[in-house]
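File shown: upload03.csv. Contents: CSV, C-alpha atoms and all ligand atoms.
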chain,number,residue,atom,x,y,z
X,1,MET,CA,9.5,52.2,64.5
X,2,ALA,CA,9.2,55.2,66.7
X,3,THR,CA,6.1,57.3,65.9
X,4,LEU,CA,6.2,60.6,67.7
X,5,ASN,CA,3.0,62.7,67.7
X,6,TYR,CA,4.4,65.8,69.2
X,7,LEU,CA,4.7,69.0,67.0
X,8,ASN,CA,3.8,66.9,64.0
X,9,THR,CA,3.8,63.1,63.3
X,10,THR,CA,7.3,61.8,62.9
X,11,HIS,CA,8.1,58.3,62.0
X,12,ILE,CA,11.8,57.3,62.6
X,13,ASP,CA,13.1,54.0,61.5
X,14,PHE,CA,15.0,52.2,58.7
X,15,GLY,CA,12.6,51.9,55.8
X,16,SER,CA,10.1,54.5,56.9
X,17,ARG,CA,10.3,56.0,53.4
X,18,SER,CA,8.0,53.1,52.3
X,19,MET,CA,5.2,55.1,54.0
X,20,VAL,CA,5.4,58.0,51.5
X,21,ALA,CA,2.6,56.9,49.2
X,22,ASP,CA,0.1,56.2,52.0
X,23,THR,CA,1.1,59.5,53.7
X,24,MET,CA,0.4,61.4,50.5
X,25,LYS,CA,-3.0,59.8,50.3
X,26,GLN,CA,-3.8,60.7,53.9
X,27,LEU,CA,-2.8,64.3,53.2
X,28,GLY,CA,-4.8,64.4,49.9
X,29,ILE,CA,-1.7,65.0,47.8
X,30,LYS,CA,-2.2,63.9,44.2
X,31,ARG,CA,0.6,65.8,42.4
X,32,PRO,CA,3.6,66.3,44.6
X,33,MET,CA,6.7,68.4,44.0
X,34,ILE,CA,9.9,66.9,45.4
X,35,VAL,CA,12.2,69.7,46.6
X,36,THR,CA,15.8,68.5,46.6
X,37,ASP,CA,19.3,69.3,45.4
X,38,LYS,CA,21.6,67.9,42.7
X,39,GLY,CA,23.8,66.1,45.2
X,40,ILE,CA,20.8,64.0,46.4
X,41,VAL,CA,19.9,63.2,42.8
X,42,ALA,CA,23.5,62.2,42.0
X,43,ALA,CA,23.8,60.0,45.1
X,44,GLY,CA,20.8,58.0,43.9
X,45,ILE,CA,18.7,58.9,47.0
X,46,LEU,CA,15.9,60.5,44.8
X,47,ASP,CA,15.6,57.2,42.9
X,48,LYS,CA,15.2,55.3,46.2
X,49,VAL,CA,12.3,57.6,47.2
X,50,ARG,CA,10.6,57.4,43.8
X,51,GLU,CA,10.8,53.6,44.0
X,52,ALA,CA,9.2,53.7,47.4
X,53,MET,CA,6.5,56.0,46.0
X,54,GLY,CA,5.4,53.4,43.3
X,55,ASN,CA,3.9,54.2,39.9
X,56,GLU,CA,0.7,55.8,41.2
X,57,PHE,CA,2.3,59.2,41.5
X,58,SER,CA,4.3,61.3,39.0
X,59,PRO,CA,6.2,63.8,41.0
X,60,GLU,CA,7.5,67.1,39.7
X,61,ILE,CA,11.2,67.5,40.6
X,62,PHE,CA,12.8,70.7,41.7
X,63,ASP,CA,16.5,70.0,42.3
X,64,GLY,CA,17.8,73.6,42.4
X,65,THR,CA,18.1,74.0,46.2
X,66,PRO,CA,21.3,76.0,46.8
X,67,GLU,CA,23.7,75.4,49.8
X,68,ASN,CA,21.9,78.1,51.8
X,69,PRO,CA,18.2,78.6,50.6
X,70,THR,CA,17.5,81.9,48.9
X,71,GLU,CA,14.4,83.8,48.1
X,72,GLU,CA,15.4,83.6,44.4
X,73,ALA,CA,15.5,79.8,44.4
X,74,THR,CA,12.2,79.6,46.3
X,75,LEU,CA,10.5,81.8,43.7
X,76,GLU,CA,12.0,79.6,41.0
X,77,ALA,CA,10.5,76.5,42.7
X,78,LEU,CA,7.2,78.4,43.1
X,79,ALA,CA,7.0,79.1,39.3
X,80,GLN,CA,7.6,75.4,38.5
X,81,TYR,CA,5.1,74.3,41.2
X,82,LYS,CA,2.3,76.5,39.8
X,83,ALA,CA,3.1,75.7,36.2
X,84,SER,CA,2.9,72.0,36.8
X,85,GLY,CA,-0.3,72.1,38.9
X,86,CYS,CA,1.2,70.6,42.1
X,87,ASP,CA,-0.8,70.3,45.3
X,88,GLY,CA,1.7,69.2,47.9
X,89,ILE,CA,5.4,69.2,48.7
X,90,ILE,CA,7.9,66.5,49.6
X,91,SER,CA,11.3,67.8,50.8
X,92,LEU,CA,14.2,65.4,50.4
X,93,GLY,CA,17.5,66.6,51.6
X,94,GLY,CA,19.2,68.4,54.4
X,95,GLY,CA,18.1,71.6,56.2
X,96,SER,CA,18.3,73.6,53.0
X,97,SER,CA,15.8,71.6,51.0
X,98,MET,CA,13.4,71.4,53.9
X,99,ASP,CA,13.7,75.1,54.6
X,100,LEU,CA,13.2,76.0,50.9
X,101,ALA,CA,10.2,73.7,50.9
X,102,LYS,CA,8.7,75.6,53.8
X,103,GLY,CA,9.2,78.9,52.0
X,104,LEU,CA,7.6,77.4,48.9
X,105,GLY,CA,4.6,76.2,50.9
X,106,LEU,CA,4.2,79.6,52.4
X,107,LEU,CA,4.4,81.5,49.1
X,108,ALA,CA,2.1,79.0,47.3
X,109,THR,CA,-0.7,79.9,49.8
X,110,HIS,CA,0.0,83.5,50.7
X,111,ASP,CA,0.2,86.6,48.5
X,112,GLY,CA,2.8,89.3,48.8
X,113,ASP,CA,6.5,89.7,49.4
X,114,LEU,CA,8.4,87.0,51.4
X,115,THR,CA,10.1,89.4,53.8
X,116,GLN,CA,6.8,90.6,55.4
X,117,PHE,CA,6.4,87.1,56.9
X,118,ALA,CA,9.8,87.2,58.7
X,119,ALA,CA,9.8,86.7,62.5
X,120,ILE,CA,11.8,89.9,63.0
X,121,GLU,CA,9.2,91.9,61.0
X,122,GLY,CA,6.5,90.5,63.3
X,123,GLY,CA,5.3,88.4,60.3
X,124,SER,CA,4.6,85.1,62.1
X,125,ALA,CA,1.0,86.1,62.9
X,126,LEU,CA,0.4,86.6,59.1
X,127,ILE,CA,1.2,82.9,58.4
X,128,GLY,CA,-1.9,80.8,58.0
X,129,GLU,CA,-2.4,77.2,56.8
X,130,THR,CA,0.2,76.3,54.1
X,131,THR,CA,0.6,73.5,51.5
X,132,PRO,CA,0.7,69.9,52.9
X,133,HIS,CA,4.4,69.1,53.3
X,134,ILE,CA,6.1,65.7,54.0
X,135,ALA,CA,9.7,66.1,55.1
X,136,MET,CA,12.3,63.4,54.4
X,137,PRO,CA,15.6,64.3,55.9
X,138,THR,CA,18.9,62.9,54.4
X,139,THR,CA,21.1,64.3,57.2
X,140,ALA,CA,20.8,64.1,61.0
X,141,GLY,CA,21.2,67.6,62.3
X,142,THR,CA,18.9,70.5,61.4
X,143,GLY,CA,15.7,68.9,62.7
X,144,SER,CA,13.9,71.1,60.2
X,145,GLU,CA,11.5,68.2,59.7
X,146,VAL,CA,9.8,68.9,63.1
X,147,SER,CA,10.6,72.6,63.5
X,148,VAL,CA,8.4,75.7,63.2
X,149,GLY,CA,11.3,77.6,61.6
X,150,THR,CA,12.9,78.2,58.2
X,151,VAL,CA,15.9,80.3,57.4
X,152,ILE,CA,16.0,82.0,54.0
X,153,ILE,CA,18.4,84.6,52.5
X,154,THR,CA,16.1,87.2,51.1
X,155,LYS,CA,16.7,89.4,48.0
X,156,ASP,CA,17.9,92.3,50.2
X,157,GLY,CA,20.8,90.1,51.5
X,158,ARG,CA,19.4,89.4,55.0
X,159,LYS,CA,19.3,85.9,56.4
X,160,LEU,CA,15.8,85.8,57.9
X,161,ILE,CA,14.1,83.4,60.2
X,162,PHE,CA,10.4,82.6,59.5
X,163,ALA,CA,8.5,80.8,62.3
X,164,SER,CA,5.0,79.5,62.6
X,165,GLN,CA,3.2,76.4,63.7
X,166,ASN,CA,1.8,76.4,60.1
X,167,LEU,CA,5.4,75.9,58.7
X,168,ILE,CA,5.9,72.6,60.4
X,169,PRO,CA,5.8,69.7,57.9
X,170,LYS,CA,2.6,67.7,58.5
X,171,VAL,CA,4.5,64.4,58.5
X,172,ALA,CA,8.2,63.6,58.8
X,173,LEU,CA,9.5,60.3,57.4
X,174,CYS,CA,13.0,59.9,59.0
X,175,ASP,CA,14.7,57.0,57.3
X,176,PRO,CA,18.2,56.6,58.7
X,177,GLU,CA,19.1,54.5,55.6
X,178,LEU,CA,19.1,57.8,53.6
X,179,THR,CA,22.0,59.0,55.8
X,180,LEU,CA,24.3,56.0,55.4
X,181,GLY,CA,26.2,57.5,52.6
X,182,LEU,CA,26.8,60.9,54.2
X,183,PRO,CA,30.5,61.6,54.3
X,184,ALA,CA,32.3,61.9,57.7
X,185,ARG,CA,32.8,65.7,57.3
X,186,LEU,CA,29.1,66.3,56.8
X,187,THR,CA,28.1,63.8,59.5
X,188,ALA,CA,30.2,65.7,62.0
X,189,ALA,CA,29.0,69.1,60.9
X,190,THR,CA,25.3,68.2,60.9
X,191,GLY,CA,25.7,66.3,64.2
X,192,MET,CA,27.2,69.3,65.8
X,193,ASP,CA,24.2,71.3,64.7
X,194,ALA,CA,22.0,68.9,66.6
X,195,ILE,CA,24.2,69.1,69.7
X,196,THR,CA,24.1,72.9,69.5
X,197,HIS,CA,20.3,72.9,69.2
X,198,CYS,CA,20.0,70.7,72.3
X,199,ILE,CA,22.3,72.9,74.4
X,200,GLU,CA,21.0,76.3,73.3
X,201,ALA,CA,17.4,75.1,73.8
X,202,VAL,CA,18.1,73.8,77.3
X,203,ILE,CA,19.8,77.0,78.4
X,204,SER,CA,17.2,79.3,76.8
X,205,PRO,CA,15.4,81.2,79.6
X,206,MET,CA,11.9,80.2,78.2
X,207,ASP,CA,10.1,78.0,80.7
X,208,ASN,CA,9.3,74.7,79.0
X,209,PRO,CA,10.4,71.6,81.1
X,210,PRO,CA,9.2,69.0,78.6
X,211,ALA,CA,11.2,70.6,75.7
X,212,GLU,CA,14.2,70.7,78.1
X,213,ALA,CA,14.0,67.0,78.8
X,214,VAL,CA,13.8,66.2,75.1
X,215,GLY,CA,17.0,68.3,74.5
X,216,LEU,CA,18.8,66.5,77.3
X,217,ASP,CA,17.9,63.1,75.8
X,218,GLY,CA,19.4,64.3,72.5
X,219,LEU,CA,22.7,65.1,74.3
X,220,ARG,CA,22.6,61.7,76.0
X,221,ARG,CA,22.4,60.0,72.6
X,222,ALA,CA,24.7,62.2,70.6
X,223,PHE,CA,27.5,62.5,73.3
X,224,LYS,CA,27.2,60.2,76.3
X,225,MET,CA,26.3,57.1,74.2
X,226,GLY,CA,28.9,58.1,71.6
X,227,TYR,CA,26.6,57.9,68.6
X,228,LEU,CA,27.9,61.1,66.9
X,229,GLU,CA,31.5,59.9,67.0
X,230,ASN,CA,30.5,56.4,66.0
X,231,ALA,CA,28.6,57.7,63.0
X,232,VAL,CA,31.6,59.9,62.0
X,233,ALA,CA,34.0,56.9,62.4
X,234,ASP,CA,31.8,54.4,60.5
X,235,GLY,CA,29.0,55.9,58.3
X,236,GLN,CA,27.5,52.4,57.9
X,237,ASP,CA,26.9,52.0,61.7
X,238,LYS,CA,23.1,51.6,61.6
X,239,ASP,CA,22.7,52.0,65.4
X,240,ALA,CA,24.6,55.3,65.3
X,241,ARG,CA,22.7,56.6,62.3
X,242,TYR,CA,19.3,55.8,63.9
X,243,ASN,CA,20.3,57.5,67.2
X,244,MET,CA,21.7,60.6,65.5
X,245,MET,CA,18.5,60.9,63.5
X,246,MET,CA,16.5,60.7,66.8
X,247,ALA,CA,18.9,63.2,68.4
X,248,ALA,CA,18.5,65.6,65.5
X,249,SER,CA,14.7,65.5,65.7
X,250,GLU,CA,14.9,65.9,69.4
X,251,GLY,CA,17.1,69.0,69.1
X,252,ALA,CA,14.5,70.7,67.0
X,253,MET,CA,11.6,69.6,69.3
X,254,ALA,CA,13.6,71.2,72.1
X,255,PHE,CA,14.3,74.5,70.4
X,256,ILE,CA,10.6,75.4,70.4
X,257,LYS,CA,12.1,77.2,73.5
X,258,GLY,CA,14.3,79.3,71.2
X,259,LEU,CA,18.0,79.2,70.4
X,260,GLY,CA,20.8,81.6,71.4
X,261,ALA,CA,23.9,83.5,70.6
X,262,VAL,CA,25.6,80.6,68.8
X,263,HIS,CA,22.9,80.6,66.2
X,264,SER,CA,22.9,84.4,65.9
X,265,MET,CA,26.6,84.4,65.1
X,266,SER,CA,26.3,81.4,62.9
X,267,HIS,CA,23.5,83.0,60.8
X,268,ALA,CA,25.6,86.2,60.5
X,269,CYS,CA,28.6,84.2,59.1
X,270,GLY,CA,26.3,81.9,57.0
X,271,ARG,CA,25.1,84.9,54.9
X,272,ILE,CA,28.7,85.6,53.6
X,273,LYS,CA,27.9,84.2,50.2
X,274,GLU,CA,31.5,83.9,48.9
X,275,LEU,CA,32.6,81.6,51.8
X,276,LYS,CA,29.6,79.2,51.7
X,277,LEU,CA,30.1,78.1,55.3
X,278,HIS,CA,28.3,75.1,56.7
X,279,HIS,CA,25.8,76.0,59.4
X,280,GLY,CA,26.6,73.0,61.6
X,281,THR,CA,30.4,73.6,61.3
X,282,LEU,CA,29.9,77.3,62.3
X,283,ASN,CA,27.9,76.3,65.3
X,284,ALA,CA,30.5,73.7,66.4
X,285,VAL,CA,33.3,76.3,66.2
X,286,ILE,CA,31.3,79.1,67.9
X,287,LEU,CA,29.8,77.0,70.7
X,288,PRO,CA,32.7,77.0,73.2
X,289,ALA,CA,33.0,80.8,73.3
X,290,VAL,CA,29.3,81.2,73.9
X,291,LEU,CA,29.3,78.5,76.6
X,292,ARG,CA,32.0,80.4,78.5
X,293,TYR,CA,30.1,83.7,78.0
X,294,ASN,CA,26.8,82.3,79.4
X,295,ALA,CA,28.3,80.3,82.3
X,296,ASP,CA,27.1,82.5,85.1
X,297,PHE,CA,23.6,83.0,83.7
X,298,VAL,CA,22.2,79.5,83.4
X,299,GLY,CA,21.4,78.4,87.0
X,300,ASP,CA,22.0,74.7,87.4
X,301,LYS,CA,21.5,73.9,83.7
X,302,TYR,CA,25.2,73.2,82.9
X,303,ASP,CA,25.1,70.6,85.8
X,304,ARG,CA,22.2,68.9,84.1
X,305,ILE,CA,23.8,69.1,80.7
X,306,ARG,CA,27.0,67.6,82.1
X,307,GLU,CA,24.9,64.8,83.6
X,308,ALA,CA,23.1,64.1,80.3
X,309,MET,CA,26.4,64.1,78.5
X,310,GLY,CA,27.9,61.7,81.0
X,311,LEU,CA,30.6,64.1,82.1
X,312,PRO,CA,32.1,64.5,85.6
X,313,ALA,CA,30.5,67.3,87.7
X,314,ASN,CA,33.6,69.5,87.4
X,315,ALA,CA,34.1,69.1,83.7
X,316,ASP,CA,34.4,72.3,81.7
X,317,LEU,CA,31.7,72.1,79.0
X,318,ALA,CA,33.5,74.5,76.6
X,319,ASP,CA,36.7,72.4,76.8
X,320,GLU,CA,34.7,69.2,76.2
X,321,ILE,CA,33.1,70.6,73.1
X,322,GLU,CA,36.5,71.8,71.8
X,323,ALA,CA,37.9,68.3,72.4
X,324,LEU,CA,34.9,66.7,70.6
X,325,ASN,CA,35.4,69.1,67.7
X,326,ALA,CA,39.0,68.1,67.4
X,327,ARG,CA,38.1,64.4,67.5
X,328,ILE,CA,35.6,64.6,64.7
X,329,GLY,CA,37.6,66.9,62.4
X,330,ILE,CA,35.9,70.2,62.9
X,331,PRO,CA,38.1,73.3,62.2
X,332,LYS,CA,39.7,74.9,65.2
X,333,ASN,CA,38.3,78.4,64.8
X,334,LEU,CA,36.4,80.8,62.5
X,335,GLY,CA,39.8,82.2,61.3
X,336,GLU,CA,40.6,78.8,59.7
X,337,MET,CA,37.2,79.1,57.9
X,338,GLY,CA,38.0,82.5,56.4
X,339,VAL,CA,36.0,84.7,58.7
X,340,SER,CA,37.8,87.8,60.1
X,341,MET,CA,36.8,90.9,62.2
X,342,ASP,CA,36.9,92.8,58.9
X,343,THR,CA,34.0,90.7,57.4
X,344,PRO,CA,31.3,93.3,56.9
X,345,GLY,CA,28.2,93.2,59.0
X,346,ILE,CA,28.9,90.1,61.2
X,347,VAL,CA,28.4,91.9,64.5
X,348,GLU,CA,25.4,94.0,63.4
X,349,ASN,CA,23.7,91.0,61.9
X,350,ALA,CA,24.2,88.9,65.0
X,351,VAL,CA,22.7,91.6,67.2
X,352,THR,CA,19.5,91.8,65.2
X,353,ASP,CA,19.1,88.0,64.8
X,354,VAL,CA,16.0,86.7,66.5
X,355,SER,CA,18.0,84.1,68.5
X,356,THR,CA,19.7,86.9,70.4
X,357,PHE,CA,16.5,87.4,72.4
X,358,THR,CA,16.5,83.9,73.9
X,359,ASN,CA,20.2,83.8,74.9
X,360,PRO,CA,20.4,83.4,78.7
X,361,ARG,CA,22.8,86.4,79.0
X,362,PRO,CA,21.9,89.6,77.3
X,363,LEU,CA,24.2,90.7,74.4
X,364,GLU,CA,25.1,94.0,72.9
X,365,ALA,CA,27.3,94.8,69.9
X,366,SER,CA,30.4,95.0,72.1
X,367,ASP,CA,29.7,91.5,73.6
X,368,TYR,CA,29.4,90.0,70.1
X,369,GLU,CA,32.6,91.7,69.1
X,370,LYS,CA,34.5,90.0,71.9
X,371,LEU,CA,32.8,86.6,71.2
X,372,PHE,CA,33.7,86.9,67.5
X,373,GLU,CA,37.3,87.8,68.4
X,374,GLN,CA,37.5,84.6,70.6
X,375,ALA,CA,35.8,82.4,67.9
X,376,ILE,CA,38.0,83.8,65.1
X,377,GLY,CA,41.1,82.8,67.2
U,1,ZN,ZN,21.0,75.1,63.7
Represent the structure of the file as structure tokens.
Ligand SMILES: [Zn+2]
Amino acid sequence: MATLNYLNTTHIDFGSRSMVADTMKQLGIKRPMIVTDKGIVAAGILDKVREAMGNEFSPEIFDGTPENPTEEATLEALAQYKASGCDGIISLGGGSSMDLAKGLGLLATHDGDLTQFAAIEGGSALIGETTPHIAMPTTAGTGSEVSVGTVIITKDGRKLIFASQNLIPKVALCDPELTLGLPARLTAATGMDAITHCIEAVISPMDNPPAEAVGLDGLRRAFKMGYLENAVADGQDKDARYNMMMAASEGAMAFIKGLGAVHSMSHACGRIKELKLHHGTLNAVILPAVLRYNADFVGDKYDRIREAMGLPANADLADEIEALNARIGIPKNLGEMGVSMDTPGIVENAVTDVSTFTNPRPLEASDYEKLFEQAIG
């Protein structure tokens, strides 16, 4: 069992879900709400966690997490949370359930409209202590279990980032067993989210060498050691599942340095409700274009990334990511995913995304236009 006391306390190992009851007692949670989605319930994963919890606790279940968390769904969870007298949150699922749970914890302890707390509105300083939250990820990608951030589509149609130390789940129980049944397509998409977090964090200009080292280790596991491809090829490969869970948490520990243009563009596409595009797939498809755009603005960081990924010194990183995408079944470009230059707001929303400010090379609307043209194909 790896126990990491870093941004929070994270336990990573097969069977770590058995710690859930003791963790609730430590945090003083008597009546938890489990925030999850219907897919997790149908896959029998909720039952596994309830079994691990024992009979001592009777959790309230909110299974209405949408594909991309919304303010509406968060308010729905809040109403149920208050009506049933809950005093703590367990998120069980991928990034969406963990992100919704963070929004719920915020609204359960703070008055007023959600949008005022958004990072872009300067709202991070308004976020104080929130509800005790235990995160139990069922994918290996987002790293939301250890991150300060949550992304929620607000009622006004914006996809906003909320960031505060007080939004980090108190404890993360990362049990790779909960990811064994994840289909290859989602394993690939979520794994590419983790790889993108590691790369964008390392090349962010913020000075934080420890976070950089953690990001490079995530790349070593996911790429050099081949664990992402192994997990896609054989979902039951326990070694691969364990190492991808570690790489995913590492990606988010690293992005305390900030993310970059890949995430700005990905968030802009992710808010197109009709298309319901997966965040990780978007990152995978967009990453090569942004790697080429940033190449002359990263100092020696591409050399260090190549080294961590086990690539020759003259390898082209963007080409390598394109080849990896092809090997694990990621679409070739945004065009294949239904995004076009006519999609309203994509450029404007990328420009105003908070991740734009930590991209190593500055970007204006005209730069994003070119990047979207390349990524759309
Ligand atoms: Zn991401």
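Relative to CA of His11 in chain X, CA of Gly54 in chain X is found at 19.5 Å.
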Closest atom pairs, residues of chain X within 8 Å of ligand ZN 1 (chain U), only C-alpha atoms and all ligand atoms, as CSV:
residue,atom,partner,partner_atom,distance
X:Gly141,CA,U:ZN1,ZN,7.6
X:Thr142,CA,U:ZN1,ZN,5.6
X:Asp193,CA,U:ZN1,ZN,5.1
X:Ala194,CA,U:ZN1,ZN,6.9
X:Thr196,CA,U:ZN1,ZN,6.9
X:His197,CA,U:ZN1,ZN,6.0
X:His263,CA,U:ZN1,ZN,6.3
X:His279,CA,U:ZN1,ZN,6.5
X:Gly280,CA,U:ZN1,ZN,6.3
X:Asn283,CA,U:ZN1,ZN,7.2
Selection: 12 Å around Asn333 in chain X, all atoms listed in the file, excl. self and same-chain fewer than 3 positions, as a PyMOL selection string:
chain X and resi 281-289+322+325-326+329-330+336-340+371-377
Could you tell me how far CA of Ile12 in chain X lies from CA of Thr139 in chain X, in Å and to one decimal?
12.8 Å
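For range 109-122 of chain X, the residues within 9 Å (counting all atoms listed in the file, excluding itself and residues fewer than 6 positions away along the chain) are X:Glu71, X:Gly103, X:Gly128, X:Glu129, X:Thr130, X:Thr131, X:Thr154, X:Lys155, X:Leu160, X:Ile161, X:Phe162, X:Ala163, X:Ser164, X:Thr352, X:Asp353, X:Val354.
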Nearest residue to Leu167 in chain X from the set X:Thr23, X:Thr36, X:Ser147, X:Asn314 (distances using all atoms listed in the file):
X:Ser147
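Each of X:Leu324, X:Asn349, X:Gln165, X:Leu277 was compared to Leu228 in chain X using all atoms listed in the file, and X:Leu324 turns out to be the nearest.
For the choices X:Leu107, X:Leu216, X:Met206, X:Leu275, the atom-to-atom distance to Arg306 in chain X is smallest for X:Leu216 when using only C-alpha atoms.
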Expressed in Å, the length from CA of Met225 in chain X to CA of Pro169 in chain X is 29.1 Å
